[in-house]
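A.B. asks: As input, take structure31.txt (compact mmCIF, N, CA and C atoms and all ligand atoms):
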# COMPACT_ATOMS: atom_id res chain seq x y z
N MET A 124 2.40 110.42 -41.24
CA MET A 124 1.18 111.05 -41.76
C MET A 124 1.31 111.17 -43.27
N PRO A 125 0.29 110.74 -43.99
CA PRO A 125 0.35 110.82 -45.45
C PRO A 125 0.50 112.27 -45.92
N ARG A 126 1.25 112.46 -47.00
CA ARG A 126 1.42 113.82 -47.52
C ARG A 126 0.10 114.39 -48.00
N SER A 127 -0.81 113.51 -48.43
CA SER A 127 -2.12 113.99 -48.87
C SER A 127 -2.93 114.56 -47.71
N ARG A 128 -2.48 114.32 -46.49
CA ARG A 128 -3.17 114.83 -45.31
C ARG A 128 -2.29 115.80 -44.52
N GLY A 129 -1.30 116.36 -45.18
CA GLY A 129 -0.48 117.40 -44.57
C GLY A 129 0.85 116.92 -44.02
N GLY A 130 1.17 115.63 -44.18
CA GLY A 130 2.45 115.11 -43.69
C GLY A 130 3.62 115.72 -44.46
N LYS A 131 4.73 115.90 -43.76
CA LYS A 131 5.92 116.51 -44.37
C LYS A 131 6.73 115.48 -45.15
N HIS A 132 7.39 115.95 -46.19
CA HIS A 132 8.27 115.11 -47.00
C HIS A 132 9.66 115.15 -46.37
N GLU A 133 9.79 114.49 -45.22
CA GLU A 133 11.06 114.48 -44.51
C GLU A 133 11.24 113.11 -43.84
N LEU A 134 12.47 112.78 -43.48
CA LEU A 134 12.82 111.47 -42.97
C LEU A 134 11.98 111.06 -41.75
N ALA A 135 11.72 111.99 -40.84
CA ALA A 135 10.97 111.67 -39.61
C ALA A 135 9.55 111.22 -39.92
N ASN A 136 9.05 111.56 -41.10
CA ASN A 136 7.67 111.19 -41.46
C ASN A 136 7.64 110.02 -42.44
N LEU A 137 8.77 109.36 -42.64
CA LEU A 137 8.85 108.32 -43.65
C LEU A 137 8.55 106.94 -43.07
N GLN A 138 7.72 106.18 -43.75
CA GLN A 138 7.49 104.76 -43.45
C GLN A 138 7.73 104.00 -44.73
N VAL A 139 8.64 103.09 -44.72
CA VAL A 139 8.86 102.25 -45.88
C VAL A 139 8.27 100.89 -45.54
N LEU A 140 7.30 100.47 -46.32
CA LEU A 140 6.58 99.24 -46.02
C LEU A 140 6.86 98.18 -47.08
N CYS A 141 6.82 96.94 -46.64
CA CYS A 141 6.94 95.85 -47.61
C CYS A 141 5.65 95.81 -48.43
N ALA A 142 5.65 95.06 -49.50
CA ALA A 142 4.48 95.00 -50.38
C ALA A 142 3.25 94.52 -49.63
N LYS A 143 3.42 93.56 -48.70
CA LYS A 143 2.29 93.04 -47.93
C LYS A 143 1.67 94.12 -47.05
N CYS A 144 2.50 94.84 -46.32
CA CYS A 144 1.99 95.87 -45.42
C CYS A 144 1.41 97.04 -46.19
N ASN A 145 1.98 97.34 -47.32
CA ASN A 145 1.56 98.51 -48.08
C ASN A 145 0.29 98.27 -48.88
N ARG A 146 -0.05 96.99 -49.11
CA ARG A 146 -1.15 96.68 -50.01
C ARG A 146 -2.49 97.24 -49.54
N THR A 147 -2.68 97.36 -48.23
CA THR A 147 -3.97 97.86 -47.77
C THR A 147 -3.83 99.17 -47.00
N LYS A 148 -2.67 99.76 -47.02
CA LYS A 148 -2.47 101.00 -46.27
C LYS A 148 -2.99 102.17 -47.09
N GLY A 149 -3.92 102.88 -46.52
CA GLY A 149 -4.46 104.05 -47.19
C GLY A 149 -4.15 105.30 -46.39
N ASN A 150 -4.57 106.44 -46.87
CA ASN A 150 -4.25 107.68 -46.16
C ASN A 150 -5.18 107.93 -44.97
N LYS A 151 -6.13 107.01 -44.73
CA LYS A 151 -7.00 107.14 -43.55
C LYS A 151 -6.56 106.21 -42.42
N ASP A 152 -5.57 105.38 -42.68
CA ASP A 152 -5.07 104.43 -41.70
C ASP A 152 -3.96 105.10 -40.90
N THR A 153 -4.13 105.17 -39.58
CA THR A 153 -3.14 105.86 -38.75
C THR A 153 -2.12 104.90 -38.15
N THR A 154 -2.14 103.64 -38.59
CA THR A 154 -1.22 102.66 -38.02
C THR A 154 0.23 103.06 -38.30
N ASP A 155 1.04 103.04 -37.24
CA ASP A 155 2.47 103.29 -37.39
C ASP A 155 3.17 101.94 -37.39
N PHE A 156 3.51 101.48 -38.57
CA PHE A 156 4.13 100.17 -38.68
C PHE A 156 5.59 100.17 -38.19
N ARG A 157 6.14 101.36 -37.95
CA ARG A 157 7.54 101.43 -37.51
C ARG A 157 7.71 100.92 -36.09
N SER A 158 6.67 101.02 -35.25
CA SER A 158 6.84 100.68 -33.84
C SER A 158 6.38 99.27 -33.49
N GLY A 159 5.66 98.62 -34.36
CA GLY A 159 5.12 97.30 -34.01
C GLY A 159 5.74 96.18 -34.79
N SER A 160 5.31 94.99 -34.47
CA SER A 160 5.78 93.81 -35.19
C SER A 160 5.14 93.79 -36.57
N ALA A 161 5.90 93.45 -37.56
CA ALA A 161 5.37 93.41 -38.92
C ALA A 161 4.97 92.01 -39.34
N SER A 162 5.06 91.06 -38.40
CA SER A 162 4.72 89.68 -38.80
C SER A 162 3.23 89.59 -39.08
N ASP A 163 2.92 88.90 -40.14
CA ASP A 163 1.53 88.79 -40.59
C ASP A 163 0.75 87.76 -39.80
N ARG A 164 1.38 86.67 -39.47
CA ARG A 164 0.67 85.54 -38.88
C ARG A 164 1.40 85.01 -37.65
N ASP A 165 0.60 84.41 -36.78
CA ASP A 165 1.15 83.77 -35.59
C ASP A 165 1.00 82.26 -35.78
N PRO A 166 2.12 81.52 -35.83
CA PRO A 166 2.03 80.08 -36.08
C PRO A 166 1.23 79.33 -35.00
N ALA A 167 1.08 79.92 -33.82
CA ALA A 167 0.33 79.27 -32.74
C ALA A 167 -1.17 79.56 -32.81
N CYS A 168 -1.56 80.45 -33.72
CA CYS A 168 -2.97 80.87 -33.81
C CYS A 168 -3.75 79.93 -34.74
N VAL A 169 -4.91 79.48 -34.28
CA VAL A 169 -5.71 78.55 -35.08
C VAL A 169 -6.29 79.21 -36.33
N PHE A 170 -6.38 80.54 -36.34
CA PHE A 170 -6.96 81.24 -37.48
C PHE A 170 -5.91 81.68 -38.51
N CYS A 171 -4.65 81.60 -38.15
CA CYS A 171 -3.57 82.08 -39.02
C CYS A 171 -3.03 80.98 -39.93
N THR A 172 -3.89 80.32 -40.65
CA THR A 172 -3.43 79.29 -41.58
C THR A 172 -4.12 79.49 -42.93
N ASP A 173 -3.45 79.06 -43.98
CA ASP A 173 -4.05 79.13 -45.31
C ASP A 173 -5.34 78.32 -45.37
N LYS A 174 -5.36 77.19 -44.64
CA LYS A 174 -6.54 76.32 -44.65
C LYS A 174 -7.77 77.10 -44.15
N VAL A 175 -7.60 77.87 -43.10
CA VAL A 175 -8.71 78.66 -42.55
C VAL A 175 -9.12 79.75 -43.54
N ILE A 176 -8.14 80.45 -44.08
CA ILE A 176 -8.44 81.54 -45.02
C ILE A 176 -9.12 80.99 -46.28
N ASP A 177 -8.74 79.78 -46.68
CA ASP A 177 -9.37 79.15 -47.85
C ASP A 177 -10.85 78.83 -47.61
N GLN A 178 -11.26 78.76 -46.37
CA GLN A 178 -12.66 78.46 -46.04
C GLN A 178 -13.52 79.72 -45.97
N ALA A 179 -12.95 80.85 -46.32
CA ALA A 179 -13.69 82.12 -46.24
C ALA A 179 -14.94 82.07 -47.12
N VAL A 180 -16.04 82.52 -46.58
CA VAL A 180 -17.28 82.61 -47.37
C VAL A 180 -17.37 83.97 -48.05
N GLU A 181 -16.57 84.92 -47.56
CA GLU A 181 -16.55 86.25 -48.16
C GLU A 181 -15.27 86.95 -47.71
N THR A 182 -14.73 87.79 -48.58
CA THR A 182 -13.57 88.59 -48.20
C THR A 182 -13.85 90.04 -48.53
N HIS A 183 -13.20 90.93 -47.82
CA HIS A 183 -13.31 92.35 -48.11
C HIS A 183 -12.02 93.03 -47.65
N GLY A 184 -11.21 93.46 -48.58
CA GLY A 184 -9.97 94.15 -48.24
C GLY A 184 -9.07 93.34 -47.33
N THR A 185 -8.91 93.80 -46.11
CA THR A 185 -7.97 93.20 -45.17
C THR A 185 -8.59 92.12 -44.29
N VAL A 186 -9.87 91.84 -44.49
CA VAL A 186 -10.55 90.87 -43.61
C VAL A 186 -11.30 89.81 -44.41
N PHE A 187 -11.69 88.75 -43.73
CA PHE A 187 -12.48 87.70 -44.36
C PHE A 187 -13.47 87.16 -43.34
N ALA A 188 -14.48 86.44 -43.84
CA ALA A 188 -15.51 85.89 -42.96
C ALA A 188 -15.58 84.38 -43.10
N LEU A 189 -15.79 83.73 -41.98
CA LEU A 189 -15.97 82.28 -41.93
C LEU A 189 -17.33 81.99 -41.32
N GLN A 190 -17.94 80.89 -41.75
CA GLN A 190 -19.11 80.43 -41.04
C GLN A 190 -18.61 79.78 -39.76
N ASP A 191 -19.26 80.06 -38.67
CA ASP A 191 -18.86 79.47 -37.40
C ASP A 191 -19.12 77.96 -37.44
N ALA A 192 -18.13 77.16 -37.07
CA ALA A 192 -18.28 75.71 -37.09
C ALA A 192 -19.32 75.25 -36.07
N HIS A 193 -19.50 75.97 -35.01
CA HIS A 193 -20.47 75.62 -33.97
C HIS A 193 -21.31 76.86 -33.66
N PRO A 194 -22.18 77.24 -34.60
CA PRO A 194 -22.92 78.51 -34.44
C PRO A 194 -23.91 78.48 -33.27
N VAL A 195 -23.91 79.53 -32.52
CA VAL A 195 -24.87 79.67 -31.41
C VAL A 195 -26.25 79.98 -32.01
N THR A 196 -26.25 80.76 -33.07
CA THR A 196 -27.49 81.08 -33.78
C THR A 196 -27.27 80.82 -35.27
N PRO A 197 -28.33 80.52 -36.01
CA PRO A 197 -28.16 80.31 -37.46
C PRO A 197 -27.56 81.55 -38.13
N GLY A 198 -26.62 81.34 -39.03
CA GLY A 198 -26.02 82.46 -39.75
C GLY A 198 -24.85 83.11 -39.02
N HIS A 199 -24.46 82.56 -37.87
CA HIS A 199 -23.35 83.16 -37.12
C HIS A 199 -22.05 83.03 -37.92
N HIS A 200 -21.33 84.13 -38.08
CA HIS A 200 -20.06 84.15 -38.80
C HIS A 200 -18.97 84.75 -37.92
N LEU A 201 -17.75 84.48 -38.30
CA LEU A 201 -16.59 85.11 -37.68
C LEU A 201 -15.96 86.02 -38.73
N ILE A 202 -15.63 87.24 -38.36
CA ILE A 202 -14.92 88.15 -39.26
C ILE A 202 -13.52 88.34 -38.68
N LEU A 203 -12.52 88.02 -39.49
CA LEU A 203 -11.14 88.01 -39.02
C LEU A 203 -10.24 88.81 -39.96
N PRO A 204 -9.23 89.47 -39.42
CA PRO A 204 -8.25 90.12 -40.29
C PRO A 204 -7.32 89.07 -40.90
N ARG A 205 -6.82 89.34 -42.09
CA ARG A 205 -5.86 88.41 -42.71
C ARG A 205 -4.57 88.37 -41.90
N ARG A 206 -4.24 89.48 -41.29
CA ARG A 206 -3.06 89.59 -40.45
C ARG A 206 -3.44 89.14 -39.03
N HIS A 207 -2.54 88.52 -38.31
CA HIS A 207 -2.87 88.11 -36.95
C HIS A 207 -3.11 89.33 -36.07
N ALA A 208 -4.19 89.31 -35.33
CA ALA A 208 -4.47 90.34 -34.32
C ALA A 208 -5.08 89.63 -33.12
N VAL A 209 -4.60 89.94 -31.94
CA VAL A 209 -5.05 89.21 -30.75
C VAL A 209 -6.52 89.50 -30.42
N ASP A 210 -6.99 90.67 -30.77
CA ASP A 210 -8.40 91.00 -30.55
C ASP A 210 -8.78 92.22 -31.41
N TYR A 211 -10.01 92.63 -31.27
CA TYR A 211 -10.54 93.75 -32.06
C TYR A 211 -9.66 95.00 -31.91
N PHE A 212 -9.19 95.24 -30.71
CA PHE A 212 -8.44 96.47 -30.44
C PHE A 212 -7.02 96.43 -31.01
N ALA A 213 -6.56 95.25 -31.39
CA ALA A 213 -5.24 95.14 -32.02
C ALA A 213 -5.33 95.28 -33.54
N MET A 214 -6.55 95.38 -34.05
CA MET A 214 -6.72 95.55 -35.49
C MET A 214 -6.40 97.00 -35.87
N THR A 215 -5.93 97.19 -37.09
CA THR A 215 -5.65 98.54 -37.58
C THR A 215 -6.98 99.24 -37.89
N ASP A 216 -6.92 100.53 -38.09
CA ASP A 216 -8.13 101.28 -38.47
C ASP A 216 -8.72 100.71 -39.76
N GLN A 217 -7.83 100.38 -40.71
CA GLN A 217 -8.30 99.85 -41.99
C GLN A 217 -8.99 98.50 -41.79
N GLU A 218 -8.42 97.65 -40.95
CA GLU A 218 -9.03 96.34 -40.69
C GLU A 218 -10.40 96.50 -40.04
N ARG A 219 -10.51 97.40 -39.08
CA ARG A 219 -11.82 97.62 -38.43
C ARG A 219 -12.82 98.19 -39.43
N HIS A 220 -12.36 99.08 -40.28
CA HIS A 220 -13.24 99.65 -41.31
C HIS A 220 -13.71 98.56 -42.27
N ASP A 221 -12.79 97.73 -42.74
CA ASP A 221 -13.15 96.63 -43.65
C ASP A 221 -14.08 95.64 -42.95
N ALA A 222 -13.84 95.37 -41.66
CA ALA A 222 -14.70 94.44 -40.91
C ALA A 222 -16.13 95.00 -40.83
N GLN A 223 -16.24 96.30 -40.62
CA GLN A 223 -17.56 96.94 -40.55
C GLN A 223 -18.29 96.81 -41.89
N ASP A 224 -17.58 97.03 -42.97
CA ASP A 224 -18.18 96.88 -44.31
C ASP A 224 -18.62 95.44 -44.55
N LEU A 225 -17.76 94.49 -44.19
CA LEU A 225 -18.09 93.08 -44.40
C LEU A 225 -19.27 92.66 -43.53
N LEU A 226 -19.33 93.20 -42.33
CA LEU A 226 -20.47 92.91 -41.45
C LEU A 226 -21.78 93.32 -42.12
N ARG A 227 -21.78 94.48 -42.76
CA ARG A 227 -22.99 94.95 -43.46
C ARG A 227 -23.34 94.03 -44.63
N VAL A 228 -22.33 93.60 -45.38
CA VAL A 228 -22.57 92.70 -46.52
C VAL A 228 -23.21 91.41 -46.03
N LEU A 229 -22.65 90.82 -44.97
CA LEU A 229 -23.18 89.56 -44.44
C LEU A 229 -24.57 89.75 -43.85
N ARG A 230 -24.77 90.85 -43.17
CA ARG A 230 -26.09 91.12 -42.58
C ARG A 230 -27.15 91.25 -43.68
N ASN A 231 -26.82 91.96 -44.74
CA ASN A 231 -27.77 92.12 -45.85
C ASN A 231 -28.05 90.79 -46.53
N ARG A 232 -27.02 89.97 -46.68
CA ARG A 232 -27.19 88.66 -47.31
C ARG A 232 -28.11 87.77 -46.45
N LEU A 233 -27.88 87.76 -45.15
CA LEU A 233 -28.73 86.96 -44.26
C LEU A 233 -30.16 87.48 -44.25
N ALA A 234 -30.32 88.79 -44.25
CA ALA A 234 -31.66 89.39 -44.25
C ALA A 234 -32.39 88.99 -45.53
N GLU A 235 -31.68 88.99 -46.67
CA GLU A 235 -32.30 88.61 -47.94
C GLU A 235 -32.70 87.13 -47.93
N ARG A 236 -31.83 86.28 -47.38
CA ARG A 236 -32.17 84.85 -47.28
C ARG A 236 -33.42 84.64 -46.42
N ILE A 237 -33.50 85.35 -45.33
CA ILE A 237 -34.67 85.23 -44.44
C ILE A 237 -35.91 85.73 -45.17
N ARG A 238 -35.78 86.86 -45.88
CA ARG A 238 -36.91 87.41 -46.61
C ARG A 238 -37.40 86.43 -47.66
N LEU A 239 -36.46 85.83 -48.41
CA LEU A 239 -36.83 84.86 -49.46
C LEU A 239 -37.46 83.60 -48.87
N SER A 240 -36.93 83.13 -47.75
CA SER A 240 -37.50 81.91 -47.15
C SER A 240 -38.91 82.17 -46.63
N ARG A 241 -39.13 83.37 -46.10
CA ARG A 241 -40.48 83.71 -45.63
C ARG A 241 -41.43 83.86 -46.81
N ALA A 242 -40.92 84.45 -47.92
CA ALA A 242 -41.76 84.64 -49.10
C ALA A 242 -42.17 83.30 -49.69
N SER A 243 -41.23 82.33 -49.73
CA SER A 243 -41.57 81.02 -50.29
C SER A 243 -42.52 80.27 -49.37
N THR A 244 -42.45 80.52 -48.07
CA THR A 244 -43.36 79.88 -47.13
C THR A 244 -44.78 80.38 -47.34
N TRP A 245 -44.91 81.66 -47.67
CA TRP A 245 -46.22 82.28 -47.80
C TRP A 245 -46.81 82.13 -49.22
N ALA A 246 -45.99 81.71 -50.19
CA ALA A 246 -46.48 81.62 -51.57
C ALA A 246 -47.34 80.39 -51.78
ZN ZN B 1 -4.06 84.75 -35.88
I need this file expressed as structure tokens, please.
Ligand SMILES: [Zn+2]

C.D. replies:
Amino acid sequence: MPRSRGGKHELANLQVLCAKCNRTKGNKDTTDFRSGSASDRDPACVFCTDKVIDQAVETHGTVFALQDAHPVTPGHHLILPRRHAVDYFAMTDQERHDAQDLLRVLRNRLAERIRLSRASTWA
């Protein structure tokens, strides 16, 4: 527990994180990195490659967005954590929070595109 939120300055409350893990850890993230795997990527995962991350159309904190290669509907995107997570529930609080923010950014961008395309149709 972060000291800013009442955590004690004692060994039992200590988490020492590498620079990668610490870069997005805030005092609202309850993830206990001491009990889980600290590996960032899964070599067997199709999304855990630099090539995929380089195709991001938008990034926000711990997550990024890709345009779906085979979209079911126009504007369909995938929002993924930079760290490997098997599903939504394996994401940290911070990753879910960042994903929610990015979802709003993408939604607003798509809404603006639709608004502009309708305006040009009617002009
Ligand atoms: Zn992955």

A.B. asks: What is the atom N of Gly130 in chain A-atom N of Ala213 in chain A distance in Å, reported with one decimal?

C.D. replies: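 Those two atoms sit 25.3 Å apart.
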
A.B. asks: Write down as a list in words the residues of range 124-220 of chain A whose backbone DSSP state falls under alpha helix (DSSP H).

C.D. replies: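 Of range 124-220 of chain A, the ones in alpha helix (DSSP H) are Ala142, Lys143, Cys144, Asn145, Asp173, Lys174, Val175, Ile176, Asp177, Asp216, Gln217, Glu218, Arg219 and His220 of chain A.
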
A.B. asks: Record the distance separating CA of Pro197 in chain A and atom N of Ile176 in chain A, expressed in Å with one decimal.

C.D. replies: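 Interatomic distance, CA of Pro197 in chain A to atom N of Ile176 in chain A: 21.1 Å.
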
A.B. asks: If the limit is 8 Å from any atom of ligand ZN 1 (chain B), counting all atoms listed in the file, which residues qualify? Return them as a list in words.

C.D. replies: Asp163, Arg164, Asp165, Pro166, Ala167, Cys168, Val169, Phe170, Cys171, Thr172, Pro204, Arg205, Arg206, His207, Ala208 and Val209 of chain A

A.B. asks: Take the residues from that selection and put them in a file with N, CA and C atoms, as a CSV table (one decimal), in the coordinates of the input.

C.D. replies:
chain,number,residue,atom,x,y,z
A,163,ASP,N,2.9,88.9,-40.1
A,163,ASP,CA,1.5,88.8,-40.6
A,163,ASP,C,0.8,87.8,-39.8
A,164,ARG,N,1.4,86.7,-39.5
A,164,ARG,CA,0.7,85.5,-38.9
A,164,ARG,C,1.4,85.0,-37.6
A,165,ASP,N,0.6,84.4,-36.8
A,165,ASP,CA,1.2,83.8,-35.6
A,165,ASP,C,1.0,82.3,-35.8
A,166,PRO,N,2.1,81.5,-35.8
A,166,PRO,CA,2.0,80.1,-36.1
A,166,PRO,C,1.2,79.3,-35.0
A,167,ALA,N,1.1,79.9,-33.8
A,167,ALA,CA,0.3,79.3,-32.7
A,167,ALA,C,-1.2,79.6,-32.8
A,168,CYS,N,-1.6,80.4,-33.7
A,168,CYS,CA,-3.0,80.9,-33.8
A,168,CYS,C,-3.8,79.9,-34.7
A,169,VAL,N,-4.9,79.5,-34.3
A,169,VAL,CA,-5.7,78.6,-35.1
A,169,VAL,C,-6.3,79.2,-36.3
A,170,PHE,N,-6.4,80.5,-36.3
A,170,PHE,CA,-7.0,81.2,-37.5
A,170,PHE,C,-5.9,81.7,-38.5
A,171,CYS,N,-4.6,81.6,-38.2
A,171,CYS,CA,-3.6,82.1,-39.0
A,171,CYS,C,-3.0,81.0,-39.9
A,172,THR,N,-3.9,80.3,-40.6
A,172,THR,CA,-3.4,79.3,-41.6
A,172,THR,C,-4.1,79.5,-42.9
A,204,PRO,N,-9.2,89.5,-39.4
A,204,PRO,CA,-8.2,90.1,-40.3
A,204,PRO,C,-7.3,89.1,-40.9
A,205,ARG,N,-6.8,89.3,-42.1
A,205,ARG,CA,-5.9,88.4,-42.7
A,205,ARG,C,-4.6,88.4,-41.9
A,206,ARG,N,-4.2,89.5,-41.3
A,206,ARG,CA,-3.1,89.6,-40.4
A,206,ARG,C,-3.4,89.1,-39.0
A,207,HIS,N,-2.5,88.5,-38.3
A,207,HIS,CA,-2.9,88.1,-37.0
A,207,HIS,C,-3.1,89.3,-36.1
A,208,ALA,N,-4.2,89.3,-35.3
A,208,ALA,CA,-4.5,90.3,-34.3
A,208,ALA,C,-5.1,89.6,-33.1
A,209,VAL,N,-4.6,89.9,-31.9
A,209,VAL,CA,-5.0,89.2,-30.8
A,209,VAL,C,-6.5,89.5,-30.4

A.B. asks: Rounded to one decimal place, report the atom N of Leu239 in chain A-atom N of Pro194 in chain A distance in Å.

C.D. replies: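 Rounded to one decimal, the two atoms are 21.6 Å apart.
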
A.B. asks: Based on the backbone DSSP call, show me all residues of chain A assigned strand (DSSP E), as a list in words.

C.D. replies: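 Restricting chain A to strand (DSSP E) produces Glu181, Thr182, His183, Val186, Phe187, Ala188, Leu189, Gln190, His200, Leu201, Ile202, Leu203 and Pro204 of chain A.
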
A.B. asks: Which centre and edge lengths in Å to one decimal define the box along x, y and z that fits every listed atom of range 196-207 of chain A plus 3 Å per side, as AutoDock Vina command-line options?

C.D. replies:
--center_x -15.4 --center_y 85.2 --center_z -37.9 --size_x 31.8 --size_y 15.8 --size_z 15.6

A.B. asks: Closest to Glu181 in chain A among A:Leu225, A:Val195, A:Gln217, A:Arg232, using all atoms listed in the file?

C.D. replies: A:Leu225

A.B. asks: Using all atoms listed in the file, pick whichever of A:Met214, A:Leu201, A:Val175, A:Leu137 has the shortest atom-to-atom distance to Leu189 in chain A.

C.D. replies: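 Among the listed residues, the smallest separation from Leu189 in chain A belongs to A:Leu201.
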
A.B. asks: Quick one: of A:Asn145, A:Asn150, A:Gln178, A:Ser240, who's nearest to Ser127 in chain A, counting all atoms listed in the file?

C.D. replies: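 Once distances to Ser127 in chain A are computed over all atoms listed in the file, the minimum belongs to A:Asn150.
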
A.B. asks: Could you pull range 170-205 of chain A out of the block above and save it with C-alpha atoms, as a compact mmCIF listing (two decimals), in the first residue's frame?

C.D. replies:
# COMPACT_ATOMS: atom_id res chain seq x y z
CA PHE A 170 0.10 -9.12 -29.83
CA CYS A 171 3.34 -9.16 -27.82
CA THR A 172 5.68 -7.98 -30.56
CA ASP A 173 7.29 -4.64 -31.37
CA LYS A 174 5.80 -4.92 -34.87
CA VAL A 175 2.27 -4.92 -33.44
CA ILE A 176 2.98 -2.10 -30.99
CA ASP A 177 4.51 -0.07 -33.84
CA GLN A 178 1.15 -0.27 -35.64
CA ALA A 179 -0.63 1.52 -32.79
CA VAL A 180 -2.96 4.27 -33.97
CA GLU A 181 -3.03 5.74 -30.47
CA THR A 182 -1.37 5.12 -27.12
CA HIS A 183 -2.33 6.11 -23.60
CA GLY A 184 -0.17 5.23 -20.60
CA THR A 185 -0.02 1.46 -20.29
CA VAL A 186 -2.20 0.63 -23.30
CA PHE A 187 -2.36 1.15 -27.05
CA ALA A 188 -4.97 0.83 -29.79
CA LEU A 189 -4.82 -0.94 -33.13
CA GLN A 190 -7.22 -0.82 -36.02
CA ASP A 191 -8.74 -4.25 -36.38
CA ALA A 192 -7.33 -5.95 -39.50
CA HIS A 193 -10.74 -7.55 -40.15
CA PRO A 194 -13.25 -5.13 -38.62
CA VAL A 195 -16.78 -6.37 -38.05
CA THR A 196 -17.95 -2.75 -38.14
CA PRO A 197 -16.22 0.36 -39.51
CA GLY A 198 -13.93 1.95 -36.93
CA HIS A 199 -13.49 -1.25 -34.90
CA HIS A 200 -10.29 -1.07 -32.81
CA LEU A 201 -8.47 -3.30 -30.37
CA ILE A 202 -7.20 -1.81 -27.11
CA LEU A 203 -4.33 -3.80 -25.63
CA PRO A 204 -1.99 -3.41 -22.66
CA ARG A 205 1.71 -3.05 -23.46
